Amino acid sequence: MEGQFMQTSNVQSSSQSSRFADCLLGWFDVFGRHDLPWQHPKSPYSVWVSEIMLQQTQVQTVISYFERFMLAFPTVQDLAAASQDDVLSHWAGLGYYARGRNLHKAARIIISEHDGEFPSHFDEIVSLPGIGRSTAAAILSIAFKQKYAILDGNVKRVLSRYDAIDQWPGEKQTEAKLWHRAEVLMQTERADDYTQAIMDLGATICRRSKPLCAECPVKAGCQALKADKVGAYPVSKPKTEKPTRQVVMLLALDGEQIFLQKRPQTGIWGGLWSLPQFDNEAQLSAVLPQTGEQSVLETLPEFKHSFTHYHLIIQPRMVEADAKAWALAGQWMNLSQALEMGLPAPIRKLIEKTESKHVKNGQLCKNG
DNA sequence: AAGTCGGGGGG
DNA sequence: CCCCCAGACTT
């Protein structure tokens, strides 16, 4: 009697699992894609070719390539007998041409080592060039109806949301967790339909953007939806921390004149006019006239400018200089003239600000 | 673990 | 512009 009302956690998780598969398959029968060209004869060969083409390439793009390819190479024998050039010409425009080369190579292996018959065991299939764990599982499930779980981009997204996995799928540990869940949830004898179904779900319902959660067959168990955080999954790749570099820049002023240097052609702001740049304060002092206190240094507030690949902290140093006794290579020019030179935006801003704050009637003053 | 292959689509 | 896509392979 008690058994009717109590379930062990094992039974419970197993029943959740089969519910996932059952809900998914029930939905697939009505709303899944059943008319794709590689679903006509689900032969190992046609499934293989389609799976390779579909690596990193969307269905809509693949369809026409697949049809032309199968007309040119209807069997694995035809593919093996063809030249690599002929095979690659049918791949032109699909990208990732190693896929085409590996497909051709594998066809010849199937002829020479498998009697021309597509192998039906995981180890044999996954050892063929161009076939990894997920693609081997797709072929085994769809073409041979064996219970092997796939883990492609669609499945990663579906499961990341379903379990609300708070780590980036690119991490090894996360991927292991996803593989485990992919296998546990695949509780069905309809291995071929399940594989197609979970990919269809990812492509049409559990899309990367604008997912249609209201129409999802497994929404009841979706942890991301329960927390109203579907958009937060899968967790996106951590942005690699950009390095930060510090430089000292020299604002040398003589009345209405400012000193600029042309930057090297390579590197940031290549070829633009800018302020003289130094790695640190010491290198700046080294080039300033040493004699006496005629050069007055003022430390202006530092600021940050970000590039795509690093942050640059700029520490401006202002100096009252004598253009006639100046040794650095570069050019003195009027402030108005300097602002016409196509300066880097942050440098232009700095100069404009300095001018308004520290230059009055052609005279340098410390506090504007 | 990170880089590479590659064209196309969408935000 | 960026990120992602029915990933696998090399370094």
# chains A, B, ... in the order shown; residues from 1 in each chain; ligands from 1

$ residues_around --residues "stretch 104-112 of chain A" --least-positions-apart "6" --cutoff "6 Å" --atoms "only C-alpha atoms (C1' of nucleotides)" --output "PDB file with all heavy atoms, in the first residue's frame"
ATOM      1  N   VAL A  76      28.250   4.847 -51.212  1.00  0.00           N
ATOM      2  CA  VAL A  76      29.586   5.004 -50.658  1.00  0.00           C
ATOM      3  C   VAL A  76      30.634   4.513 -51.667  1.00  0.00           C
ATOM      4  O   VAL A  76      31.759   5.023 -51.700  1.00  0.00           O
ATOM      5  CB  VAL A  76      29.715   4.291 -49.295  1.00  0.00           C
ATOM      6  CG1 VAL A  76      29.596   2.785 -49.461  1.00  0.00           C
ATOM      7  CG2 VAL A  76      31.020   4.652 -48.603  1.00  0.00           C
ATOM      8  N   ALA A  80      33.769   6.750 -52.896  1.00  0.00           N
ATOM      9  CA  ALA A  80      35.151   6.270 -52.770  1.00  0.00           C
ATOM     10  C   ALA A  80      35.852   6.278 -54.125  1.00  0.00           C
ATOM     11  O   ALA A  80      37.060   6.518 -54.206  1.00  0.00           O
ATOM     12  CB  ALA A  80      35.161   4.874 -52.160  1.00  0.00           C
ATOM     13  N   LEU A 128      36.420   6.693 -37.703  1.00  0.00           N
ATOM     14  CA  LEU A 128      36.482   7.216 -39.073  1.00  0.00           C
ATOM     15  C   LEU A 128      36.800   8.709 -39.029  1.00  0.00           C
ATOM     16  O   LEU A 128      36.333   9.424 -38.132  1.00  0.00           O
ATOM     17  CB  LEU A 128      35.151   6.989 -39.794  1.00  0.00           C
ATOM     18  CG  LEU A 128      34.794   5.528 -40.101  1.00  0.00           C
ATOM     19  CD1 LEU A 128      33.359   5.425 -40.609  1.00  0.00           C
ATOM     20  CD2 LEU A 128      35.759   4.949 -41.134  1.00  0.00           C
ATOM     21  N   PRO A 129      37.591   9.193 -39.977  1.00  0.00           N
ATOM     22  CA  PRO A 129      37.951  10.613 -39.955  1.00  0.00           C
ATOM     23  C   PRO A 129      36.727  11.513 -40.120  1.00  0.00           C
ATOM     24  O   PRO A 129      35.871  11.259 -40.966  1.00  0.00           O
ATOM     25  CB  PRO A 129      38.913  10.755 -41.134  1.00  0.00           C
ATOM     26  CG  PRO A 129      38.706   9.555 -41.980  1.00  0.00           C
ATOM     27  CD  PRO A 129      38.240   8.467 -41.073  1.00  0.00           C
TER      28      PRO A 129
END

$ closest_atom_pairs --of "chain A" --to "chain B" --cutoff "8 Å" --atoms "only C-alpha atoms (C1' of nucleotides)" --output "JSON lines"
{"residue": "A:Gly93", "atom": "CA", "partner": "B:DG7", "partner_atom": "C1'", "distance": 7.0}
{"residue": "A:Leu94", "atom": "CA", "partner": "B:DG7", "partner_atom": "C1'", "distance": 6.5}
{"residue": "A:Gly95", "atom": "CA", "partner": "B:DG6", "partner_atom": "C1'", "distance": 4.6}
{"residue": "A:Tyr96", "atom": "CA", "partner": "B:DC5", "partner_atom": "C1'", "distance": 5.2}
{"residue": "A:Tyr97", "atom": "CA", "partner": "B:DC5", "partner_atom": "C1'", "distance": 7.7}
{"residue": "A:Ala98", "atom": "CA", "partner": "B:DC5", "partner_atom": "C1'", "distance": 7.7}

$ write_last_selection --atoms "all heavy atoms" --output "CSV table (one decimal), in the first residue's frame"
chain,number,residue,atom,x,y,z
A,93,GLY,N,31.6,26.2,-51.2
A,93,GLY,CA,30.6,27.1,-50.7
A,93,GLY,C,30.0,26.7,-49.3
A,93,GLY,O,29.4,27.5,-48.6
A,94,LEU,N,30.2,25.4,-49.0
A,94,LEU,CA,29.7,25.0,-47.6
A,94,LEU,C,30.7,25.3,-46.5
A,94,LEU,O,30.3,25.5,-45.4
A,94,LEU,CB,29.6,23.4,-47.6
A,94,LEU,CG,28.2,22.8,-47.8
A,94,LEU,CD1,28.2,21.3,-47.7
A,94,LEU,CD2,27.2,23.4,-46.8
A,95,GLY,N,32.0,25.5,-46.8
A,95,GLY,CA,32.9,25.8,-45.8
A,95,GLY,C,33.4,24.6,-45.0
A,95,GLY,O,32.9,23.5,-45.3
A,96,TYR,N,34.4,24.8,-44.2
A,96,TYR,CA,35.0,23.7,-43.4
A,96,TYR,C,35.3,22.5,-44.4
A,96,TYR,O,34.7,21.4,-44.2
A,96,TYR,CB,34.0,23.2,-42.3
A,96,TYR,CG,34.0,24.1,-41.1
A,96,TYR,CD1,33.0,25.0,-41.0
A,96,TYR,CD2,35.0,24.1,-40.2
A,96,TYR,CE1,32.9,25.9,-39.9
A,96,TYR,CE2,34.9,24.9,-39.1
A,96,TYR,CZ,33.9,25.8,-39.0
A,96,TYR,OH,33.9,26.7,-37.9
A,97,TYR,N,36.2,22.8,-45.3
A,97,TYR,CA,36.5,21.8,-46.4
A,97,TYR,C,37.1,20.5,-45.9
A,97,TYR,O,37.1,19.5,-46.6
A,97,TYR,CB,37.2,22.4,-47.5
A,97,TYR,CG,36.4,23.6,-48.1
A,97,TYR,CD1,36.6,24.9,-47.7
A,97,TYR,CD2,35.4,23.3,-48.9
A,97,TYR,CE1,35.8,25.9,-48.2
A,97,TYR,CE2,34.6,24.3,-49.4
A,97,TYR,CZ,34.8,25.6,-49.1
A,97,TYR,OH,34.0,26.6,-49.5
A,98,ALA,N,37.7,20.5,-44.7
A,98,ALA,CA,38.2,19.3,-44.1
A,98,ALA,C,37.1,18.3,-43.9
A,98,ALA,O,37.4,17.1,-44.0
A,98,ALA,CB,38.9,19.6,-42.7

$ atom_distance --atom1 "atom CA of A:Gln167" --atom2 "atom CA of A:Phe122"
29.0 Å

$ atom_distance --atom1 "atom CA of A:Trp27" --atom2 "atom CA of A:Pro217"
6.1 Å

$ interface_residues --of "chain A" --to "chain C" --cutoff "12 Å" --atoms "only C-alpha atoms (C1' of nucleotides)" --output "PDB file with C-alpha atoms, in the first residue's frame"
ATOM      1  CA  VAL A  47      22.508   9.847 -42.701  1.00  0.00           C
ATOM      2  CA  TRP A  48      26.293  10.045 -42.525  1.00  0.00           C
ATOM      3  CA  VAL A  49      26.578  12.513 -45.397  1.00  0.00           C
ATOM      4  CA  SER A  50      23.856  14.713 -43.944  1.00  0.00           C
ATOM      5  CA  GLU A  51      25.346  14.673 -40.447  1.00  0.00           C
ATOM      6  CA  ILE A  52      28.736  15.753 -41.734  1.00  0.00           C
ATOM      7  CA  MET A  53      27.196  18.552 -43.799  1.00  0.00           C
ATOM      8  CA  LEU A  54      25.146  19.663 -40.810  1.00  0.00           C
ATOM      9  CA  GLN A  55      28.202  20.143 -38.610  1.00  0.00           C
ATOM     10  CA  GLN A  56      28.322  23.891 -37.942  1.00  0.00           C
ATOM     11  CA  THR A  57      25.969  24.488 -40.840  1.00  0.00           C
ATOM     12  CA  GLN A  58      22.259  25.203 -40.719  1.00  0.00           C
ATOM     13  CA  VAL A  59      19.609  22.966 -42.253  1.00  0.00           C
ATOM     14  CA  GLN A  60      18.428  25.506 -44.802  1.00  0.00           C
ATOM     15  CA  THR A  61      21.935  25.839 -46.214  1.00  0.00           C
ATOM     16  CA  VAL A  62      22.589  22.104 -46.303  1.00  0.00           C
ATOM     17  CA  TYR A  96      34.965  23.664 -43.442  1.00  0.00           C
ATOM     18  CA  TYR A  97      36.452  21.774 -46.358  1.00  0.00           C
ATOM     19  CA  ALA A  98      38.222  19.312 -44.079  1.00  0.00           C
ATOM     20  CA  ARG A  99      34.750  17.821 -43.694  1.00  0.00           C
ATOM     21  CA  ASN A 102      37.496  13.475 -44.401  1.00  0.00           C
ATOM     22  CA  VAL A 126      33.985   7.098 -34.255  1.00  0.00           C
ATOM     23  CA  SER A 127      37.402   6.122 -35.555  1.00  0.00           C
ATOM     24  CA  LEU A 128      36.482   7.216 -39.073  1.00  0.00           C
ATOM     25  CA  PRO A 129      37.951  10.613 -39.955  1.00  0.00           C
ATOM     26  CA  GLY A 130      35.562  13.495 -39.391  1.00  0.00           C
ATOM     27  CA  ILE A 131      33.314  11.586 -36.993  1.00  0.00           C
ATOM     28  CA  GLY A 132      33.420  12.407 -33.297  1.00  0.00           C
ATOM     29  CA  ARG A 133      31.330  11.178 -30.419  1.00  0.00           C
ATOM     30  CA  SER A 134      28.202  13.161 -31.227  1.00  0.00           C
ATOM     31  CA  THR A 135      28.158  12.434 -34.948  1.00  0.00           C
ATOM     32  CA  ALA A 136      28.775   8.737 -34.298  1.00  0.00           C
ATOM     33  CA  ALA A 137      25.832   8.745 -31.896  1.00  0.00           C
ATOM     34  CA  ALA A 138      23.635  10.499 -34.447  1.00  0.00           C
ATOM     35  CA  ILE A 139      24.417   7.881 -37.085  1.00  0.00           C
ATOM     36  CA  ILE A 150      24.027  13.067 -29.150  1.00  0.00           C
ATOM     37  CA  LEU A 151      25.291  16.379 -27.782  1.00  0.00           C
ATOM     38  CA  ASP A 152      25.350  19.092 -30.394  1.00  0.00           C
ATOM     39  CA  GLY A 153      24.703  22.792 -30.071  1.00  0.00           C
ATOM     40  CA  ASN A 154      20.947  22.285 -29.982  1.00  0.00           C
ATOM     41  CA  VAL A 155      21.052  19.665 -27.253  1.00  0.00           C
ATOM     42  CA  LYS A 156      23.492  21.710 -25.209  1.00  0.00           C
ATOM     43  CA  ARG A 157      21.106  24.645 -25.304  1.00  0.00           C
ATOM     44  CA  THR A 195      17.591  12.192 -31.757  1.00  0.00           C
ATOM     45  CA  GLN A 196      15.677  13.959 -34.486  1.00  0.00           C
ATOM     46  CA  ALA A 197      13.150  15.261 -31.971  1.00  0.00           C
ATOM     47  CA  ILE A 198      15.587  16.895 -29.586  1.00  0.00           C
ATOM     48  CA  MET A 199      17.341  18.596 -32.477  1.00  0.00           C
ATOM     49  CA  ASP A 200      14.013  19.796 -33.863  1.00  0.00           C
ATOM     50  CA  GLY A 202      16.301  23.078 -30.214  1.00  0.00           C
ATOM     51  CA  ALA A 203      15.953  24.418 -33.733  1.00  0.00           C
ATOM     52  CA  ARG A 207      15.899  28.586 -30.096  1.00  0.00           C
ATOM     53  CA  ARG A 208      18.866  30.669 -29.044  1.00  0.00           C
ATOM     54  CA  SER A 209      16.831  33.850 -29.198  1.00  0.00           C
ATOM     55  CA  PRO A 234      23.209  28.551 -21.916  1.00  0.00           C
ATOM     56  CA  SER A 236      27.834  32.434 -22.583  1.00  0.00           C
ATOM     57  CA  LYS A 237      31.533  32.075 -22.978  1.00  0.00           C
ATOM     58  CA  THR A 308      38.962  45.439 -28.568  1.00  0.00           C
TER      59      THR A 308
END

$ residues_around --residues "stretch 259-270 of chain A" --least-positions-apart "6" --cutoff "9 Å" --atoms "only C-alpha atoms (C1' of nucleotides)" --output "list in words"
Leu250, Leu251, Ala252, Leu253, Pro276, Gln277, Phe307, Ala323, Ala329, Gly330, Gln331, Trp332, Met333, Asn334, Ala338, Leu343 and Pro344 of chain A

$ select_by_dssp --residues "stretch 148-345 of chain A" --states "strand (DSSP E)" --output "VMD selection string"
chain A and resid 244 to 254 257 to 262 273 to 274 277 to 278 297 to 299 303 to 306 311 to 320 331 to 334

$ select_by_dssp --residues "stretch 284-368 of chain A" --states "alpha helix (DSSP H)" --output "list of chain:residue names"
A:Leu284, A:Ser285, A:Ala286, A:Val287, A:Leu335, A:Ser336, A:Gln337, A:Ala338, A:Ala345, A:Pro346, A:Ile347, A:Arg348, A:Lys349, A:Leu350, A:Ile351, A:Glu352, A:Lys353, A:Thr354, A:Glu355, A:Ser356, A:Lys357, A:His358

$ closest_residue --among "A:His180, A:Glu175, A:Ser64, A:Gly116" --to "A:Trp91" --atoms "only C-alpha atoms"
A:Ser64
